[in-house]
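**Student:** Here you go, data19.cif (mmCIF, C-alpha atoms):
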```cif
data_target
#
loop_
_atom_site.label_atom_id
_atom_site.label_comp_id
_atom_site.auth_asym_id
_atom_site.auth_seq_id
_atom_site.Cartn_x
_atom_site.Cartn_y
_atom_site.Cartn_z
CA MET A 15 50.69 -5.29 -30.40
CA GLU A 16 53.43 -2.67 -30.81
CA GLN A 17 54.22 -3.98 -34.27
CA ASP A 18 50.55 -3.64 -35.26
CA ASP A 19 50.58 -0.04 -34.10
CA ALA A 20 53.73 0.66 -36.10
CA VAL A 21 52.13 -0.85 -39.20
CA ALA A 22 48.99 1.25 -38.67
CA VAL A 23 50.99 4.45 -38.24
CA ALA A 24 53.03 3.67 -41.36
CA GLY A 25 49.82 3.07 -43.31
CA MET A 26 48.34 6.35 -42.14
CA GLY A 27 51.55 8.12 -43.10
CA ARG A 28 51.34 6.64 -46.59
CA ALA A 29 47.68 7.70 -46.80
CA PHE A 30 48.58 11.25 -45.74
CA ALA A 31 51.42 11.42 -48.26
CA GLY A 32 49.16 10.10 -51.02
CA ALA A 33 46.50 12.66 -50.15
CA LEU A 34 49.09 15.43 -50.38
CA LEU A 35 50.47 14.09 -53.64
CA PHE A 36 47.11 14.05 -55.38
CA SER A 37 45.57 17.13 -53.77
CA MET A 38 48.30 19.73 -54.17
CA PRO A 39 47.78 20.29 -57.91
CA LEU A 40 44.04 20.68 -57.33
CA PHE A 41 44.47 23.13 -54.46
CA MET A 42 46.63 25.38 -56.60
CA THR A 43 44.18 25.97 -59.45
CA MET A 44 41.78 28.91 -59.38
CA GLU A 45 39.49 27.08 -61.78
CA LEU A 46 38.73 24.48 -59.15
CA TRP A 47 38.01 27.12 -56.53
CA ARG A 48 35.67 28.98 -58.88
CA LEU A 49 33.96 25.75 -59.89
CA GLY A 50 33.37 24.88 -56.24
CA LEU A 51 31.68 28.22 -55.69
CA ALA A 52 29.61 28.12 -58.88
CA VAL A 53 28.24 24.57 -58.75
CA ASP A 54 24.93 23.95 -56.99
CA ARG A 55 25.11 22.36 -53.56
CA TYR A 56 23.19 19.24 -54.57
CA ARG A 57 25.70 18.61 -57.36
CA LEU A 58 28.59 18.93 -54.91
CA ALA A 59 26.81 16.47 -52.60
CA LEU A 60 26.35 14.10 -55.54
CA LEU A 61 30.05 14.42 -56.36
CA LEU A 62 30.95 13.62 -52.76
CA LEU A 63 28.66 10.59 -52.72
CA SER A 64 30.07 9.28 -55.99
CA THR A 65 33.61 9.79 -54.66
CA VAL A 66 32.79 7.77 -51.54
CA LEU A 67 31.31 4.97 -53.65
CA LEU A 68 34.34 5.03 -55.95
CA VAL A 69 36.82 4.78 -53.07
CA VAL A 70 34.85 1.97 -51.41
CA GLY A 71 34.68 0.13 -54.74
CA LEU A 72 38.41 0.55 -55.32
CA ALA A 73 39.16 -0.71 -51.82
CA ARG A 74 36.91 -3.71 -52.47
CA GLU A 75 38.41 -4.61 -55.85
CA LEU A 76 42.05 -3.74 -55.30
CA GLY A 77 42.23 -4.73 -51.68
CA GLY A 78 43.42 -2.61 -48.85
CA ALA A 79 45.62 -2.68 -45.82
CA SER A 80 42.88 -3.70 -43.41
CA GLU A 81 43.03 -7.15 -41.91
CA GLN A 82 39.24 -7.36 -41.77
CA PRO A 83 37.72 -9.34 -44.61
CA GLY A 84 34.75 -8.27 -46.69
CA TRP A 85 32.89 -5.00 -46.76
CA ARG A 86 33.80 -4.04 -43.21
CA GLY A 87 37.49 -3.91 -44.13
CA CYS A 88 36.72 -1.91 -47.26
CA LEU A 89 34.72 0.61 -45.26
CA VAL A 90 37.54 0.91 -42.69
CA ASP A 91 40.12 1.49 -45.45
CA SER A 92 37.88 4.03 -47.15
CA GLY A 93 37.20 5.84 -43.88
CA VAL A 94 40.91 6.10 -43.14
CA ALA A 95 41.51 7.42 -46.66
CA PHE A 96 38.86 10.13 -46.27
CA VAL A 97 40.04 11.15 -42.79
CA MET A 98 43.63 11.44 -44.02
CA ALA A 99 42.49 13.43 -47.07
CA ALA A 100 40.52 15.84 -44.86
CA LEU A 101 43.48 16.21 -42.52
CA ALA A 102 45.87 16.84 -45.41
CA ALA A 103 43.49 19.41 -46.91
CA THR A 104 43.16 21.18 -43.58
CA VAL A 105 46.92 21.32 -43.08
CA VAL A 106 47.65 22.52 -46.62
CA LEU A 107 44.91 25.16 -46.70
CA THR A 108 45.90 26.45 -43.28
CA VAL A 109 49.58 26.66 -44.20
CA LEU A 110 48.76 28.46 -47.45
CA GLY A 111 46.51 30.91 -45.63
CA ALA A 112 43.41 30.01 -47.63
CA VAL A 113 41.55 29.09 -44.44
CA SER A 114 41.74 31.08 -41.25
CA TRP A 115 40.55 29.68 -37.94
#
```
As structure tokens, what does this structure read like?
**Tutor:**
Amino acid sequence: MEQDDAVAVAGMGRAFAGALLFSMPLFMTMELWRLGLAVDRYRLALLLLSTVLLVVGLARELGGASEQPGWRGCLVDSGVAFVMAALAATVVLTVLGAVSW
């Protein structure tokens, strides 16, 4: 069981590092911030929904780290990816002072 936990922690670390790698260039552009403020809320919700569907589809087609077969494993992998992305965004925006708690 300890080895499974180590594998899970390593996978989450890779997910966090990947989220940082792909998010940092986006966080540093004013165009993205202005676009987020200018776009209607329903369009942002549609973008979020399409992103979720894209990540689930990629996990389904390319396979993931989850041991569970089928859609359940894809949903677990996608959920972990989104949680790690949200955590990475929170850390980066807090460190940069863009978000104050």
**Student:** So that I can see what lies close to A:Glu75, please list as a list of chain:residue names the residues with an atom at most 12 Å from it, counting all atoms listed in the file and leaving out residues fewer than 2 positions away in the same chain.
**Tutor:** A:Leu68, A:Val69, A:Val70, A:Gly71, A:Leu72, A:Ala73, A:Gly77, A:Gly78, A:Gly84, A:Trp85, A:Gly87, A:Cys88
**Student:** Give the answer as one residue: which of A:Tyr56, A:Phe41, A:Ala100, A:Ala112 has the shortest atom-to-atom distance to A:Ala29, using only C-alpha atoms?
**Tutor:**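 Nearest to A:Ala29: A:Ala100.
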**Student:** Could you spell out the hits of the PyMOL selection byres ((chain A and resi 33) around 10) on the shown file, as a PyMOL selection string?
**Tutor:** chain A and resi 27-32+34-38+95-103
**Student:** For atom CA of A:Asp54 and atom CA of A:Val94, quote the distance in Å rounded to one decimal.
**Tutor:**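 Computed distance, atom CA of A:Asp54 to atom CA of A:Val94, equals 27.7 Å.
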**Student:** One decimal, Å: what's the distance from atom CA of A:Gly93 over to atom CA of A:Val66, could you say?
**Tutor:**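 Here the two named atoms are 9.0 Å from each other.
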**Student:** Measure the distance from atom CA of A:Gly25 to atom CA of A:Pro83 in Å and round it to one decimal.
**Tutor:**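 It comes out at 17.4 Å.
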**Student:** When you get a chance, write out N, CA and C atoms for stretch 71-105 of chain A, as a CSV table (one decimal), in the coordinates of the input.
**Tutor:**
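The resulting file, selection-v9.csv, is shown below:
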```csv
chain,number,residue,atom,x,y,z
A,71,GLY,N,34.6,1.1,-53.7
A,71,GLY,CA,34.7,0.1,-54.7
A,71,GLY,C,36.1,-0.2,-55.1
A,72,LEU,N,37.0,0.8,-55.1
A,72,LEU,CA,38.4,0.6,-55.3
A,72,LEU,C,39.0,-0.3,-54.2
A,73,ALA,N,38.6,0.1,-53.0
A,73,ALA,CA,39.2,-0.7,-51.8
A,73,ALA,C,38.7,-2.2,-51.9
A,74,ARG,N,37.5,-2.4,-52.4
A,74,ARG,CA,36.9,-3.7,-52.5
A,74,ARG,C,37.6,-4.5,-53.6
A,75,GLU,N,37.8,-3.9,-54.7
A,75,GLU,CA,38.4,-4.6,-55.8
A,75,GLU,C,39.9,-4.8,-55.8
A,76,LEU,N,40.6,-3.7,-55.3
A,76,LEU,CA,42.0,-3.7,-55.3
A,76,LEU,C,42.6,-4.2,-54.0
A,77,GLY,N,41.8,-4.3,-53.0
A,77,GLY,CA,42.2,-4.7,-51.7
A,77,GLY,C,42.8,-3.6,-50.9
A,78,GLY,N,42.9,-3.7,-49.7
A,78,GLY,CA,43.4,-2.6,-48.8
A,78,GLY,C,44.3,-3.2,-47.8
A,79,ALA,N,44.7,-2.3,-46.9
A,79,ALA,CA,45.6,-2.7,-45.8
A,79,ALA,C,44.9,-3.3,-44.6
A,80,SER,N,43.6,-3.2,-44.6
A,80,SER,CA,42.9,-3.7,-43.4
A,80,SER,C,42.9,-5.2,-43.3
A,81,GLU,N,43.0,-5.7,-42.1
A,81,GLU,CA,43.0,-7.2,-41.9
A,81,GLU,C,41.6,-7.7,-41.9
A,82,GLN,N,40.6,-6.9,-41.8
A,82,GLN,CA,39.2,-7.4,-41.8
A,82,GLN,C,38.8,-7.8,-43.2
A,83,PRO,N,38.2,-8.9,-43.3
A,83,PRO,CA,37.7,-9.3,-44.6
A,83,PRO,C,36.4,-8.7,-45.0
A,84,GLY,N,36.1,-8.7,-46.2
A,84,GLY,CA,34.8,-8.3,-46.7
A,84,GLY,C,34.6,-6.8,-46.7
A,85,TRP,N,33.3,-6.4,-46.6
A,85,TRP,CA,32.9,-5.0,-46.8
A,85,TRP,C,33.3,-4.2,-45.6
A,86,ARG,N,33.4,-4.8,-44.4
A,86,ARG,CA,33.8,-4.0,-43.2
A,86,ARG,C,35.2,-3.5,-43.4
A,87,GLY,N,36.1,-4.3,-43.9
A,87,GLY,CA,37.5,-3.9,-44.1
A,87,GLY,C,37.6,-2.8,-45.2
A,88,CYS,N,36.7,-2.9,-46.2
A,88,CYS,CA,36.7,-1.9,-47.3
A,88,CYS,C,36.2,-0.6,-46.7
A,89,LEU,N,35.2,-0.6,-45.9
A,89,LEU,CA,34.7,0.6,-45.3
A,89,LEU,C,35.8,1.2,-44.3
A,90,VAL,N,36.5,0.4,-43.6
A,90,VAL,CA,37.5,0.9,-42.7
A,90,VAL,C,38.6,1.6,-43.5
A,91,ASP,N,39.1,0.9,-44.6
A,91,ASP,CA,40.1,1.5,-45.4
A,91,ASP,C,39.7,2.8,-46.1
A,92,SER,N,38.4,2.8,-46.5
A,92,SER,CA,37.9,4.0,-47.2
A,92,SER,C,37.7,5.2,-46.1
A,93,GLY,N,37.3,4.8,-44.9
A,93,GLY,CA,37.2,5.8,-43.9
A,93,GLY,C,38.5,6.4,-43.5
A,94,VAL,N,39.6,5.6,-43.4
A,94,VAL,CA,40.9,6.1,-43.1
A,94,VAL,C,41.4,7.0,-44.3
A,95,ALA,N,41.1,6.6,-45.5
A,95,ALA,CA,41.5,7.4,-46.7
A,95,ALA,C,40.8,8.8,-46.6
A,96,PHE,N,39.6,8.8,-46.3
A,96,PHE,CA,38.9,10.1,-46.3
A,96,PHE,C,39.3,11.0,-45.1
A,97,VAL,N,39.6,10.4,-43.9
A,97,VAL,CA,40.0,11.2,-42.8
A,97,VAL,C,41.4,11.7,-43.1
A,98,MET,N,42.3,10.9,-43.7
A,98,MET,CA,43.6,11.4,-44.0
A,98,MET,C,43.6,12.5,-45.1
A,99,ALA,N,42.7,12.4,-46.0
A,99,ALA,CA,42.5,13.4,-47.1
A,99,ALA,C,42.0,14.7,-46.5
A,100,ALA,N,41.0,14.6,-45.5
A,100,ALA,CA,40.5,15.8,-44.9
A,100,ALA,C,41.6,16.5,-44.0
A,101,LEU,N,42.4,15.7,-43.3
A,101,LEU,CA,43.5,16.2,-42.5
A,101,LEU,C,44.5,16.9,-43.4
A,102,ALA,N,44.9,16.3,-44.5
A,102,ALA,CA,45.9,16.8,-45.4
A,102,ALA,C,45.3,18.2,-46.0
A,103,ALA,N,44.1,18.2,-46.4
A,103,ALA,CA,43.5,19.4,-46.9
A,103,ALA,C,43.5,20.5,-45.9
A,104,THR,N,43.2,20.2,-44.6
A,104,THR,CA,43.2,21.2,-43.6
A,104,THR,C,44.6,21.7,-43.3
A,105,VAL,N,45.5,20.9,-43.3
A,105,VAL,CA,46.9,21.3,-43.1
A,105,VAL,C,47.4,22.2,-44.2
```
